[in-house]
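Participant: As input, take coords-v6.cif (mmCIF, N, CA and C atoms):
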data_data
loop_
_atom_site.label_atom_id
_atom_site.label_comp_id
_atom_site.auth_asym_id
_atom_site.auth_seq_id
_atom_site.Cartn_x
_atom_site.Cartn_y
_atom_site.Cartn_z
N MET A 21 -27.85 29.66 -26.23
CA MET A 21 -26.74 29.10 -26.98
C MET A 21 -25.42 29.80 -26.61
N GLU A 22 -25.53 31.06 -26.29
CA GLU A 22 -24.32 31.82 -25.94
C GLU A 22 -23.68 31.26 -24.67
N LYS A 23 -24.52 30.90 -23.67
CA LYS A 23 -23.98 30.35 -22.41
C LYS A 23 -23.36 28.98 -22.63
N VAL A 24 -23.97 28.18 -23.49
CA VAL A 24 -23.41 26.85 -23.81
C VAL A 24 -22.04 27.02 -24.46
N LYS A 25 -21.90 27.99 -25.34
CA LYS A 25 -20.63 28.26 -26.01
C LYS A 25 -19.56 28.66 -24.99
N ILE A 26 -19.93 29.51 -24.03
CA ILE A 26 -18.99 29.94 -22.98
C ILE A 26 -18.56 28.76 -22.12
N ILE A 27 -19.54 27.91 -21.76
CA ILE A 27 -19.22 26.73 -20.93
C ILE A 27 -18.27 25.81 -21.68
N LYS A 28 -18.51 25.57 -22.96
CA LYS A 28 -17.62 24.70 -23.74
C LYS A 28 -16.20 25.25 -23.82
N GLU A 29 -16.10 26.56 -24.01
CA GLU A 29 -14.78 27.18 -24.06
C GLU A 29 -14.05 27.05 -22.74
N ARG A 30 -14.76 27.25 -21.65
CA ARG A 30 -14.13 27.13 -20.32
C ARG A 30 -13.72 25.70 -20.02
N LEU A 31 -14.56 24.74 -20.43
CA LEU A 31 -14.19 23.32 -20.26
C LEU A 31 -12.93 22.99 -21.06
N LYS A 32 -12.88 23.49 -22.29
CA LYS A 32 -11.71 23.24 -23.12
C LYS A 32 -10.45 23.85 -22.51
N THR A 33 -10.57 25.05 -21.94
CA THR A 33 -9.44 25.70 -21.28
C THR A 33 -8.98 24.89 -20.07
N ALA A 34 -9.95 24.43 -19.27
CA ALA A 34 -9.61 23.63 -18.08
C ALA A 34 -8.93 22.32 -18.47
N GLN A 35 -9.44 21.67 -19.52
CA GLN A 35 -8.83 20.42 -19.98
C GLN A 35 -7.41 20.66 -20.49
N SER A 36 -7.23 21.76 -21.18
CA SER A 36 -5.90 22.10 -21.69
C SER A 36 -4.91 22.33 -20.55
N HIS A 37 -5.36 23.03 -19.50
CA HIS A 37 -4.49 23.24 -18.33
C HIS A 37 -4.13 21.91 -17.68
N GLN A 38 -5.12 21.02 -17.49
CA GLN A 38 -4.86 19.73 -16.87
C GLN A 38 -3.90 18.89 -17.71
N LYS A 39 -4.09 18.92 -19.03
CA LYS A 39 -3.22 18.14 -19.91
C LYS A 39 -1.78 18.65 -19.85
N SER A 40 -1.61 19.96 -19.89
CA SER A 40 -0.25 20.50 -19.83
C SER A 40 0.40 20.20 -18.48
N TYR A 41 -0.38 20.20 -17.41
CA TYR A 41 0.13 19.88 -16.09
C TYR A 41 0.58 18.43 -16.01
N SER A 42 -0.25 17.52 -16.55
CA SER A 42 0.10 16.10 -16.46
C SER A 42 1.20 15.72 -17.44
N ASP A 43 1.26 16.37 -18.60
CA ASP A 43 2.30 16.06 -19.58
C ASP A 43 3.70 16.35 -19.04
N VAL A 44 3.83 17.39 -18.23
CA VAL A 44 5.14 17.74 -17.67
C VAL A 44 5.61 16.66 -16.71
N ARG A 45 4.69 16.08 -15.96
CA ARG A 45 5.05 15.10 -14.93
C ARG A 45 5.05 13.66 -15.41
N ARG A 46 4.51 13.40 -16.57
CA ARG A 46 4.43 12.05 -17.10
C ARG A 46 5.79 11.62 -17.63
N ARG A 47 6.13 10.38 -17.40
CA ARG A 47 7.37 9.85 -17.93
C ARG A 47 7.08 8.54 -18.65
N ASP A 48 7.83 8.27 -19.67
CA ASP A 48 7.64 7.04 -20.42
C ASP A 48 8.21 5.87 -19.63
N LEU A 49 7.43 4.82 -19.54
CA LEU A 49 7.88 3.60 -18.87
C LEU A 49 8.27 2.59 -19.93
N LYS A 50 9.45 2.02 -19.78
CA LYS A 50 9.90 1.01 -20.72
C LYS A 50 10.38 -0.19 -19.94
N PHE A 51 9.88 -1.34 -20.30
CA PHE A 51 10.26 -2.59 -19.66
C PHE A 51 10.70 -3.56 -20.74
N LYS A 52 11.69 -4.38 -20.41
CA LYS A 52 12.15 -5.41 -21.32
C LYS A 52 11.61 -6.75 -20.82
N GLU A 53 11.63 -7.71 -21.69
CA GLU A 53 11.21 -9.04 -21.30
C GLU A 53 12.14 -9.56 -20.21
N ASP A 54 11.61 -10.22 -19.21
CA ASP A 54 12.33 -10.76 -18.05
C ASP A 54 12.80 -9.69 -17.07
N ASP A 55 12.34 -8.44 -17.20
CA ASP A 55 12.63 -7.42 -16.19
C ASP A 55 11.84 -7.73 -14.92
N TRP A 56 12.44 -7.42 -13.78
CA TRP A 56 11.76 -7.55 -12.50
C TRP A 56 11.02 -6.24 -12.24
N VAL A 57 9.75 -6.34 -11.89
CA VAL A 57 8.96 -5.15 -11.59
C VAL A 57 8.16 -5.39 -10.31
N PHE A 58 7.87 -4.30 -9.61
CA PHE A 58 6.95 -4.35 -8.49
C PHE A 58 5.60 -3.88 -8.97
N PHE A 59 4.57 -4.47 -8.42
CA PHE A 59 3.21 -4.02 -8.70
C PHE A 59 2.79 -3.18 -7.52
N LYS A 60 2.59 -1.90 -7.72
CA LYS A 60 2.34 -0.95 -6.64
C LYS A 60 0.89 -1.04 -6.19
N VAL A 61 0.68 -1.46 -4.94
CA VAL A 61 -0.67 -1.48 -4.35
C VAL A 61 -0.62 -0.76 -3.02
N SER A 62 -1.74 -0.28 -2.59
CA SER A 62 -1.83 0.39 -1.30
C SER A 62 -2.48 -0.56 -0.30
N PRO A 63 -1.71 -1.13 0.61
CA PRO A 63 -2.28 -2.08 1.55
C PRO A 63 -3.12 -1.40 2.62
N MET A 64 -4.10 -2.15 3.14
CA MET A 64 -4.90 -1.70 4.26
C MET A 64 -4.57 -2.60 5.43
N LYS A 65 -4.73 -2.12 6.65
CA LYS A 65 -4.44 -2.94 7.82
C LYS A 65 -5.41 -4.10 7.89
N GLY A 66 -4.95 -5.23 8.42
CA GLY A 66 -5.81 -6.39 8.58
C GLY A 66 -5.94 -7.16 7.29
N VAL A 67 -6.95 -6.87 6.51
CA VAL A 67 -7.18 -7.58 5.25
C VAL A 67 -6.52 -6.80 4.12
N MET A 68 -5.68 -7.47 3.37
CA MET A 68 -5.01 -6.83 2.24
C MET A 68 -5.87 -7.03 1.00
N ARG A 69 -6.14 -5.98 0.28
CA ARG A 69 -6.99 -6.03 -0.90
C ARG A 69 -6.15 -5.81 -2.15
N PHE A 70 -6.35 -6.65 -3.15
CA PHE A 70 -5.62 -6.51 -4.39
C PHE A 70 -6.50 -5.82 -5.41
N VAL A 71 -5.91 -5.41 -6.48
CA VAL A 71 -6.64 -4.67 -7.52
C VAL A 71 -7.29 -5.63 -8.50
N HIS A 72 -8.12 -5.08 -9.36
CA HIS A 72 -8.80 -5.80 -10.42
C HIS A 72 -7.74 -6.43 -11.33
N PRO A 73 -8.05 -7.59 -11.97
CA PRO A 73 -7.05 -8.23 -12.83
C PRO A 73 -6.53 -7.34 -13.96
N VAL A 74 -7.25 -6.30 -14.31
CA VAL A 74 -6.77 -5.36 -15.33
C VAL A 74 -6.24 -4.13 -14.60
N PHE A 75 -5.04 -3.70 -14.94
CA PHE A 75 -4.44 -2.55 -14.26
C PHE A 75 -3.69 -1.70 -15.27
N HIS A 76 -3.38 -0.49 -14.85
CA HIS A 76 -2.63 0.44 -15.71
C HIS A 76 -1.14 0.20 -15.53
N VAL A 77 -0.39 0.35 -16.60
CA VAL A 77 1.04 0.10 -16.58
C VAL A 77 1.77 1.04 -15.61
N SER A 78 1.16 2.17 -15.29
CA SER A 78 1.80 3.11 -14.36
C SER A 78 1.93 2.54 -12.95
N LEU A 79 1.20 1.44 -12.65
CA LEU A 79 1.31 0.80 -11.34
C LEU A 79 2.54 -0.10 -11.25
N LEU A 80 3.23 -0.32 -12.35
CA LEU A 80 4.44 -1.13 -12.33
C LEU A 80 5.65 -0.24 -12.08
N LYS A 81 6.54 -0.70 -11.21
CA LYS A 81 7.76 0.03 -10.88
C LYS A 81 8.95 -0.90 -11.08
N ASN A 82 10.04 -0.38 -11.62
CA ASN A 82 11.26 -1.18 -11.79
C ASN A 82 11.80 -1.61 -10.44
N VAL A 83 12.33 -2.82 -10.38
CA VAL A 83 12.96 -3.30 -9.16
C VAL A 83 14.38 -2.76 -9.12
N ILE A 84 14.69 -2.08 -8.04
CA ILE A 84 16.05 -1.61 -7.81
C ILE A 84 16.50 -2.26 -6.51
N GLY A 85 17.48 -3.11 -6.58
CA GLY A 85 17.93 -3.76 -5.36
C GLY A 85 18.04 -5.26 -5.54
N ASP A 86 18.01 -5.94 -4.41
CA ASP A 86 18.25 -7.37 -4.37
C ASP A 86 16.94 -8.15 -4.47
N PRO A 87 16.78 -9.03 -5.45
CA PRO A 87 15.54 -9.80 -5.59
C PRO A 87 15.29 -10.81 -4.48
N ILE A 88 16.25 -11.03 -3.57
CA ILE A 88 16.02 -12.00 -2.48
C ILE A 88 14.97 -11.48 -1.49
N PHE A 89 14.69 -10.17 -1.51
CA PHE A 89 13.69 -9.62 -0.61
C PHE A 89 12.27 -9.76 -1.12
N ILE A 90 12.11 -10.31 -2.30
CA ILE A 90 10.78 -10.48 -2.87
C ILE A 90 10.15 -11.74 -2.29
N VAL A 91 8.91 -11.60 -1.79
CA VAL A 91 8.20 -12.74 -1.19
C VAL A 91 7.67 -13.62 -2.31
N PRO A 92 7.99 -14.92 -2.29
CA PRO A 92 7.47 -15.81 -3.33
C PRO A 92 5.94 -15.85 -3.28
N ILE A 93 5.33 -15.82 -4.44
CA ILE A 93 3.87 -15.77 -4.52
C ILE A 93 3.24 -17.03 -3.93
N GLU A 94 3.92 -18.14 -3.98
CA GLU A 94 3.37 -19.39 -3.48
C GLU A 94 3.09 -19.33 -1.97
N THR A 95 3.83 -18.48 -1.23
CA THR A 95 3.64 -18.43 0.22
C THR A 95 2.47 -17.56 0.65
N VAL A 96 1.95 -16.73 -0.26
CA VAL A 96 0.82 -15.87 0.08
C VAL A 96 -0.47 -16.56 -0.33
N GLU A 97 -1.33 -16.83 0.65
CA GLU A 97 -2.59 -17.52 0.37
C GLU A 97 -3.66 -16.49 0.05
N ILE A 98 -4.07 -16.43 -1.21
CA ILE A 98 -5.06 -15.47 -1.67
C ILE A 98 -6.37 -16.20 -1.92
N ASN A 99 -7.48 -15.64 -1.39
CA ASN A 99 -8.78 -16.28 -1.59
C ASN A 99 -9.44 -15.81 -2.89
N GLU A 100 -10.71 -16.25 -3.12
CA GLU A 100 -11.40 -15.92 -4.37
C GLU A 100 -11.62 -14.43 -4.55
N GLU A 101 -11.72 -13.68 -3.46
CA GLU A 101 -11.97 -12.24 -3.56
C GLU A 101 -10.68 -11.44 -3.73
N LEU A 102 -9.59 -12.14 -4.01
CA LEU A 102 -8.27 -11.53 -4.18
C LEU A 102 -7.83 -10.76 -2.95
N THR A 103 -8.07 -11.34 -1.78
CA THR A 103 -7.63 -10.75 -0.52
C THR A 103 -6.86 -11.80 0.26
N TYR A 104 -6.07 -11.34 1.23
CA TYR A 104 -5.47 -12.28 2.16
C TYR A 104 -5.40 -11.64 3.52
N LYS A 105 -5.44 -12.47 4.55
CA LYS A 105 -5.45 -11.99 5.92
C LYS A 105 -4.03 -11.97 6.44
N GLU A 106 -3.63 -10.82 6.96
CA GLU A 106 -2.31 -10.72 7.58
C GLU A 106 -2.40 -11.35 8.96
N ILE A 107 -1.44 -12.19 9.29
CA ILE A 107 -1.41 -12.88 10.57
C ILE A 107 -0.12 -12.50 11.29
N PRO A 108 -0.23 -12.04 12.55
CA PRO A 108 0.98 -11.70 13.28
C PRO A 108 1.74 -12.95 13.68
N VAL A 109 3.06 -12.90 13.53
CA VAL A 109 3.90 -14.03 13.87
C VAL A 109 4.43 -13.91 15.29
N SER A 110 4.96 -12.73 15.61
CA SER A 110 5.52 -12.54 16.95
C SER A 110 5.63 -11.05 17.28
N ILE A 111 5.85 -10.80 18.56
CA ILE A 111 6.09 -9.43 19.02
C ILE A 111 7.59 -9.28 19.21
N ILE A 112 8.15 -8.27 18.56
CA ILE A 112 9.58 -8.06 18.59
C ILE A 112 10.01 -7.11 19.70
N ASP A 113 9.19 -6.10 19.96
CA ASP A 113 9.59 -5.05 20.90
C ASP A 113 8.36 -4.43 21.54
N ARG A 114 8.55 -3.75 22.67
CA ARG A 114 7.48 -3.02 23.35
C ARG A 114 7.96 -1.61 23.65
N GLN A 115 7.00 -0.68 23.72
CA GLN A 115 7.34 0.68 24.14
C GLN A 115 6.11 1.31 24.79
N VAL A 116 6.37 2.25 25.69
CA VAL A 116 5.30 3.00 26.34
C VAL A 116 5.56 4.48 26.11
N ARG A 117 4.59 5.13 25.46
CA ARG A 117 4.70 6.57 25.24
C ARG A 117 3.91 7.28 26.33
N LYS A 118 4.54 8.24 26.98
CA LYS A 118 3.88 8.96 28.06
C LYS A 118 3.35 10.29 27.56
N LEU A 119 2.05 10.48 27.71
CA LEU A 119 1.42 11.74 27.39
C LEU A 119 1.13 12.47 28.70
N ARG A 120 0.44 13.59 28.63
CA ARG A 120 0.16 14.34 29.87
C ARG A 120 -0.65 13.54 30.88
N ASN A 121 -1.74 12.94 30.41
CA ASN A 121 -2.67 12.29 31.35
C ASN A 121 -2.66 10.77 31.26
N LYS A 122 -2.01 10.22 30.28
CA LYS A 122 -2.05 8.75 30.16
C LYS A 122 -0.80 8.22 29.48
N GLU A 123 -0.69 6.90 29.49
CA GLU A 123 0.40 6.20 28.84
C GLU A 123 -0.18 5.30 27.75
N ILE A 124 0.49 5.25 26.62
CA ILE A 124 0.05 4.41 25.51
C ILE A 124 1.07 3.32 25.29
N SER A 125 0.64 2.07 25.44
CA SER A 125 1.52 0.92 25.24
C SER A 125 1.42 0.44 23.79
N SER A 126 2.57 0.26 23.17
CA SER A 126 2.61 -0.24 21.80
C SER A 126 3.54 -1.44 21.73
N VAL A 127 3.27 -2.30 20.76
CA VAL A 127 4.12 -3.45 20.51
C VAL A 127 4.53 -3.45 19.04
N LYS A 128 5.75 -3.87 18.77
CA LYS A 128 6.22 -3.97 17.40
C LYS A 128 5.96 -5.40 16.93
N VAL A 129 5.11 -5.52 15.89
CA VAL A 129 4.62 -6.83 15.47
C VAL A 129 5.26 -7.22 14.14
N LEU A 130 5.74 -8.45 14.09
CA LEU A 130 6.24 -9.03 12.85
C LEU A 130 5.08 -9.79 12.21
N TRP A 131 4.69 -9.39 11.01
CA TRP A 131 3.58 -10.01 10.31
C TRP A 131 4.08 -11.09 9.36
N ARG A 132 3.24 -12.08 9.11
CA ARG A 132 3.59 -13.16 8.19
C ARG A 132 3.83 -12.57 6.80
N ASN A 133 4.74 -13.13 6.06
CA ASN A 133 5.11 -12.71 4.70
C ASN A 133 5.81 -11.35 4.67
N GLN A 134 6.37 -10.89 5.79
CA GLN A 134 7.10 -9.63 5.80
C GLN A 134 8.45 -9.82 6.47
N GLN A 135 9.38 -8.96 6.13
CA GLN A 135 10.71 -8.98 6.72
C GLN A 135 10.69 -8.25 8.06
N ILE A 136 11.72 -8.44 8.87
CA ILE A 136 11.80 -7.78 10.17
C ILE A 136 11.81 -6.26 10.01
N GLU A 137 12.44 -5.77 8.95
CA GLU A 137 12.50 -4.33 8.72
C GLU A 137 11.11 -3.73 8.50
N GLU A 138 10.15 -4.56 8.10
CA GLU A 138 8.80 -4.08 7.82
C GLU A 138 7.86 -4.24 9.00
N ALA A 139 8.37 -4.66 10.15
CA ALA A 139 7.52 -4.82 11.34
C ALA A 139 6.88 -3.48 11.70
N ALA A 140 5.63 -3.54 12.19
CA ALA A 140 4.88 -2.31 12.43
C ALA A 140 4.52 -2.18 13.91
N TRP A 141 4.47 -0.92 14.37
CA TRP A 141 4.04 -0.64 15.73
C TRP A 141 2.52 -0.64 15.78
N GLU A 142 1.95 -1.40 16.70
CA GLU A 142 0.49 -1.50 16.88
C GLU A 142 0.17 -1.23 18.34
N LEU A 143 -1.07 -0.79 18.60
CA LEU A 143 -1.50 -0.59 19.98
C LEU A 143 -1.61 -1.94 20.68
N GLU A 144 -1.06 -2.02 21.88
CA GLU A 144 -1.06 -3.28 22.62
C GLU A 144 -2.47 -3.73 22.95
N GLU A 145 -3.35 -2.80 23.28
CA GLU A 145 -4.74 -3.15 23.62
C GLU A 145 -5.44 -3.82 22.44
N GLU A 146 -5.25 -3.26 21.23
CA GLU A 146 -5.89 -3.84 20.05
C GLU A 146 -5.34 -5.23 19.76
N MET A 147 -4.04 -5.40 19.95
CA MET A 147 -3.44 -6.72 19.72
C MET A 147 -3.94 -7.74 20.73
N LYS A 148 -4.17 -7.30 21.98
CA LYS A 148 -4.71 -8.21 23.00
C LYS A 148 -6.12 -8.66 22.64
N LYS A 149 -6.92 -7.73 22.09
CA LYS A 149 -8.29 -8.08 21.72
C LYS A 149 -8.32 -9.02 20.52
N LYS A 150 -7.56 -8.70 19.48
CA LYS A 150 -7.60 -9.47 18.24
C LYS A 150 -6.82 -10.77 18.32
N TYR A 151 -5.65 -10.72 18.98
CA TYR A 151 -4.75 -11.88 19.02
C TYR A 151 -4.29 -12.12 20.45
N PRO A 152 -5.16 -12.59 21.34
CA PRO A 152 -4.77 -12.77 22.74
C PRO A 152 -3.63 -13.76 22.95
N TYR A 153 -3.51 -14.75 22.06
CA TYR A 153 -2.45 -15.74 22.18
C TYR A 153 -1.06 -15.12 21.98
N LEU A 154 -1.01 -14.01 21.28
CA LEU A 154 0.26 -13.38 20.95
C LEU A 154 0.80 -12.55 22.10
N VAL A 155 -0.09 -11.88 22.83
CA VAL A 155 0.30 -10.99 23.93
C VAL A 155 0.01 -11.69 25.24
N GLU A 156 0.97 -12.43 25.71
CA GLU A 156 0.77 -13.17 26.98
C GLU A 156 1.83 -12.80 27.99
#
Go through the file and emit its structure as structure tokens.

Facilitator:
Amino acid sequence: MEKVKIIKERLKTAQSHQKSYSDVRRRDLKFKEDDWVFFKVSPMKGVMRFVHPVFHVSLLKNVIGDPIFIVPIETVEINEELTYKEIPVSIIDRQVRKLRNKEISSVKVLWRNQQIEEAAWELEEEMKKKYPYLVE
């Protein structure tokens, strides 16, 4: 019983430390009706995965800036599994990085439903394999 008592005390101490640590960094979120908010998700390359229909309010962020940059939901085709496939639209730029023993070719790809500023650098070889029609 003595060891159980010690374990409980140490657990309580650890929980207290964690709570005090998180309380300092936590901030109250307040939203008004008709406020614009972003829903924060972490995208993965290729297939974009969305979260469960129930989410924590901490994933909402206030919109700061121009709402014209928001992609209308109607243009994003989401399937039953709440995912959508990113499709490359065009190649904007090319670059070759020279290392000691080899050269790495990259292409800057504009993806569907994204702005030009959000174009990403991808390996040219991978783009040739996945989307041969794009790299000709």

Participant: Contacts of segment 127-129 of chain A at 6 Å or less, counting all atoms listed in the file, minus same-chain residues fewer than 4 places along, as a list in words?

Facilitator: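 Selected residues are Ser110, Ile111, Ile112, Asp113, Arg114, Gln115, Ala139, Ala140, Trp141, Glu142, Leu143 and Glu144 of chain A.
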
Participant: Quick one: of A:Leu102, A:Leu130, A:Leu80, A:Ile107, who's nearest to Lys60 of chain A, counting all atoms listed in the file?

Facilitator: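 Looking only at the distances to Lys60 of chain A, the closest residue turns out to be A:Leu80.
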
Participant: Restricting the calculation to only C-alpha atoms: of A:Asn82, A:Ser125, A:Gln35, A:Ser40, which residue gets closest to Asp54 of chain A?

Facilitator: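 Closest candidate: A:Asn82.
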
Participant: Just the number, please: distance in Å from atom CA of Asn133 of chain A to atom CA of Ser78 of chain A, one decimal.

Facilitator: 25.0 Å

Participant: Any chance you could list, as a PDB file with N, CA and C atoms, in the coordinates of the input, the residues in chain A that come up alpha helix (DSSP H) when DSSP is run on the backbone?

Facilitator:
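As written to disk, states.pdb reads:
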ATOM      1  N   GLU A  22     -25.530  31.060 -26.290  1.00  0.00           N
ATOM      2  CA  GLU A  22     -24.320  31.820 -25.940  1.00  0.00           C
ATOM      3  C   GLU A  22     -23.680  31.260 -24.670  1.00  0.00           C
ATOM      4  N   LYS A  23     -24.520  30.900 -23.670  1.00  0.00           N
ATOM      5  CA  LYS A  23     -23.980  30.350 -22.410  1.00  0.00           C
ATOM      6  C   LYS A  23     -23.360  28.980 -22.630  1.00  0.00           C
ATOM      7  N   VAL A  24     -23.970  28.180 -23.490  1.00  0.00           N
ATOM      8  CA  VAL A  24     -23.410  26.850 -23.810  1.00  0.00           C
ATOM      9  C   VAL A  24     -22.040  27.020 -24.460  1.00  0.00           C
ATOM     10  N   LYS A  25     -21.900  27.990 -25.340  1.00  0.00           N
ATOM     11  CA  LYS A  25     -20.630  28.260 -26.010  1.00  0.00           C
ATOM     12  C   LYS A  25     -19.560  28.660 -24.990  1.00  0.00           C
ATOM     13  N   ILE A  26     -19.930  29.510 -24.030  1.00  0.00           N
ATOM     14  CA  ILE A  26     -18.990  29.940 -22.980  1.00  0.00           C
ATOM     15  C   ILE A  26     -18.560  28.760 -22.120  1.00  0.00           C
ATOM     16  N   ILE A  27     -19.540  27.910 -21.760  1.00  0.00           N
ATOM     17  CA  ILE A  27     -19.220  26.730 -20.930  1.00  0.00           C
ATOM     18  C   ILE A  27     -18.270  25.810 -21.680  1.00  0.00           C
ATOM     19  N   LYS A  28     -18.510  25.570 -22.960  1.00  0.00           N
ATOM     20  CA  LYS A  28     -17.620  24.700 -23.740  1.00  0.00           C
ATOM     21  C   LYS A  28     -16.200  25.250 -23.820  1.00  0.00           C
ATOM     22  N   GLU A  29     -16.100  26.560 -24.010  1.00  0.00           N
ATOM     23  CA  GLU A  29     -14.780  27.180 -24.060  1.00  0.00           C
ATOM     24  C   GLU A  29     -14.050  27.050 -22.740  1.00  0.00           C
ATOM     25  N   ARG A  30     -14.760  27.250 -21.650  1.00  0.00           N
ATOM     26  CA  ARG A  30     -14.130  27.130 -20.320  1.00  0.00           C
ATOM     27  C   ARG A  30     -13.720  25.700 -20.020  1.00  0.00           C
ATOM     28  N   LEU A  31     -14.560  24.740 -20.430  1.00  0.00           N
ATOM     29  CA  LEU A  31     -14.190  23.320 -20.260  1.00  0.00           C
ATOM     30  C   LEU A  31     -12.930  22.990 -21.060  1.00  0.00           C
ATOM     31  N   LYS A  32     -12.880  23.490 -22.290  1.00  0.00           N
ATOM     32  CA  LYS A  32     -11.710  23.240 -23.120  1.00  0.00           C
ATOM     33  C   LYS A  32     -10.450  23.850 -22.510  1.00  0.00           C
ATOM     34  N   THR A  33     -10.570  25.050 -21.940  1.00  0.00           N
ATOM     35  CA  THR A  33      -9.440  25.700 -21.280  1.00  0.00           C
ATOM     36  C   THR A  33      -8.980  24.890 -20.070  1.00  0.00           C
ATOM     37  N   ALA A  34      -9.950  24.430 -19.270  1.00  0.00           N
ATOM     38  CA  ALA A  34      -9.610  23.630 -18.080  1.00  0.00           C
ATOM     39  C   ALA A  34      -8.930  22.320 -18.470  1.00  0.00           C
ATOM     40  N   GLN A  35      -9.440  21.670 -19.520  1.00  0.00           N
ATOM     41  CA  GLN A  35      -8.830  20.420 -19.980  1.00  0.00           C
ATOM     42  C   GLN A  35      -7.410  20.660 -20.490  1.00  0.00           C
ATOM     43  N   SER A  36      -7.230  21.760 -21.180  1.00  0.00           N
ATOM     44  CA  SER A  36      -5.900  22.100 -21.690  1.00  0.00           C
ATOM     45  C   SER A  36      -4.910  22.330 -20.550  1.00  0.00           C
ATOM     46  N   HIS A  37      -5.360  23.030 -19.500  1.00  0.00           N
ATOM     47  CA  HIS A  37      -4.490  23.240 -18.330  1.00  0.00           C
ATOM     48  C   HIS A  37      -4.130  21.910 -17.680  1.00  0.00           C
ATOM     49  N   GLN A  38      -5.120  21.020 -17.490  1.00  0.00           N
ATOM     50  CA  GLN A  38      -4.860  19.730 -16.870  1.00  0.00           C
ATOM     51  C   GLN A  38      -3.900  18.890 -17.710  1.00  0.00           C
ATOM     52  N   LYS A  39      -4.090  18.920 -19.030  1.00  0.00           N
ATOM     53  CA  LYS A  39      -3.220  18.140 -19.910  1.00  0.00           C
ATOM     54  C   LYS A  39      -1.780  18.650 -19.850  1.00  0.00           C
ATOM     55  N   SER A  40      -1.610  19.960 -19.890  1.00  0.00           N
ATOM     56  CA  SER A  40      -0.250  20.500 -19.830  1.00  0.00           C
ATOM     57  C   SER A  40       0.400  20.200 -18.480  1.00  0.00           C
ATOM     58  N   TYR A  41      -0.380  20.200 -17.410  1.00  0.00           N
ATOM     59  CA  TYR A  41       0.130  19.880 -16.090  1.00  0.00           C
ATOM     60  C   TYR A  41       0.580  18.430 -16.010  1.00  0.00           C
ATOM     61  N   SER A  42      -0.250  17.520 -16.550  1.00  0.00           N
ATOM     62  CA  SER A  42       0.100  16.100 -16.460  1.00  0.00           C
ATOM     63  C   SER A  42       1.200  15.720 -17.440  1.00  0.00           C
ATOM     64  N   ASP A  43       1.260  16.370 -18.600  1.00  0.00           N
ATOM     65  CA  ASP A  43       2.300  16.060 -19.580  1.00  0.00           C
ATOM     66  C   ASP A  43       3.700  16.350 -19.040  1.00  0.00           C
ATOM     67  N   VAL A  44       3.830  17.390 -18.230  1.00  0.00           N
ATOM     68  CA  VAL A  44       5.140  17.740 -17.670  1.00  0.00           C
ATOM     69  C   VAL A  44       5.610  16.660 -16.710  1.00  0.00           C
ATOM     70  N   ARG A  45       4.690  16.080 -15.960  1.00  0.00           N
ATOM     71  CA  ARG A  45       5.050  15.100 -14.930  1.00  0.00           C
ATOM     72  C   ARG A  45       5.050  13.660 -15.410  1.00  0.00           C
ATOM     73  N   GLU A 144      -1.060  -2.020  21.880  1.00  0.00           N
ATOM     74  CA  GLU A 144      -1.060  -3.280  22.620  1.00  0.00           C
ATOM     75  C   GLU A 144      -2.470  -3.730  22.950  1.00  0.00           C
ATOM     76  N   GLU A 145      -3.350  -2.800  23.280  1.00  0.00           N
ATOM     77  CA  GLU A 145      -4.740  -3.150  23.620  1.00  0.00           C
ATOM     78  C   GLU A 145      -5.440  -3.820  22.440  1.00  0.00           C
ATOM     79  N   GLU A 146      -5.250  -3.260  21.230  1.00  0.00           N
ATOM     80  CA  GLU A 146      -5.890  -3.840  20.050  1.00  0.00           C
ATOM     81  C   GLU A 146      -5.340  -5.230  19.760  1.00  0.00           C
ATOM     82  N   MET A 147      -4.040  -5.400  19.950  1.00  0.00           N
ATOM     83  CA  MET A 147      -3.440  -6.720  19.720  1.00  0.00           C
ATOM     84  C   MET A 147      -3.940  -7.740  20.730  1.00  0.00           C
ATOM     85  N   LYS A 148      -4.170  -7.300  21.980  1.00  0.00           N
ATOM     86  CA  LYS A 148      -4.710  -8.210  23.000  1.00  0.00           C
ATOM     87  C   LYS A 148      -6.120  -8.660  22.640  1.00  0.00           C
ATOM     88  N   LYS A 149      -6.920  -7.730  22.090  1.00  0.00           N
ATOM     89  CA  LYS A 149      -8.290  -8.080  21.720  1.00  0.00           C
ATOM     90  C   LYS A 149      -8.320  -9.020  20.520  1.00  0.00           C
ATOM     91  N   LYS A 150      -7.560  -8.700  19.480  1.00  0.00           N
ATOM     92  CA  LYS A 150      -7.600  -9.470  18.240  1.00  0.00           C
ATOM     93  C   LYS A 150      -6.820 -10.770  18.320  1.00  0.00           C
TER      94      LYS A 150
END

Participant: Report, in Å to a single decimal, how far apart atom CA of Glu106 of chain A and atom C of Trp131 of chain A are.

Facilitator: 6.6 Å

Participant: Quick one: pull the distance between atom CA of Glu138 of chain A and atom CA of Lys105 of chain A, Å, one decimal.

Facilitator: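 Between atom CA of Glu138 of chain A and atom CA of Lys105 of chain A the gap works out to 16.4 Å.
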
Participant: DSSP says strand (DSSP E or B) for which residues of segment 28-149 of chain A? Put them as JSON, numbers by chain?

Facilitator: {"A": [57, 58, 59, 67, 68, 69, 80, 81, 82, 103, 104, 105, 108, 109, 110, 111, 112, 113, 114, 115, 116, 117, 118, 123, 124, 125, 126, 127, 128, 129, 130, 131, 140, 141, 142, 143]}
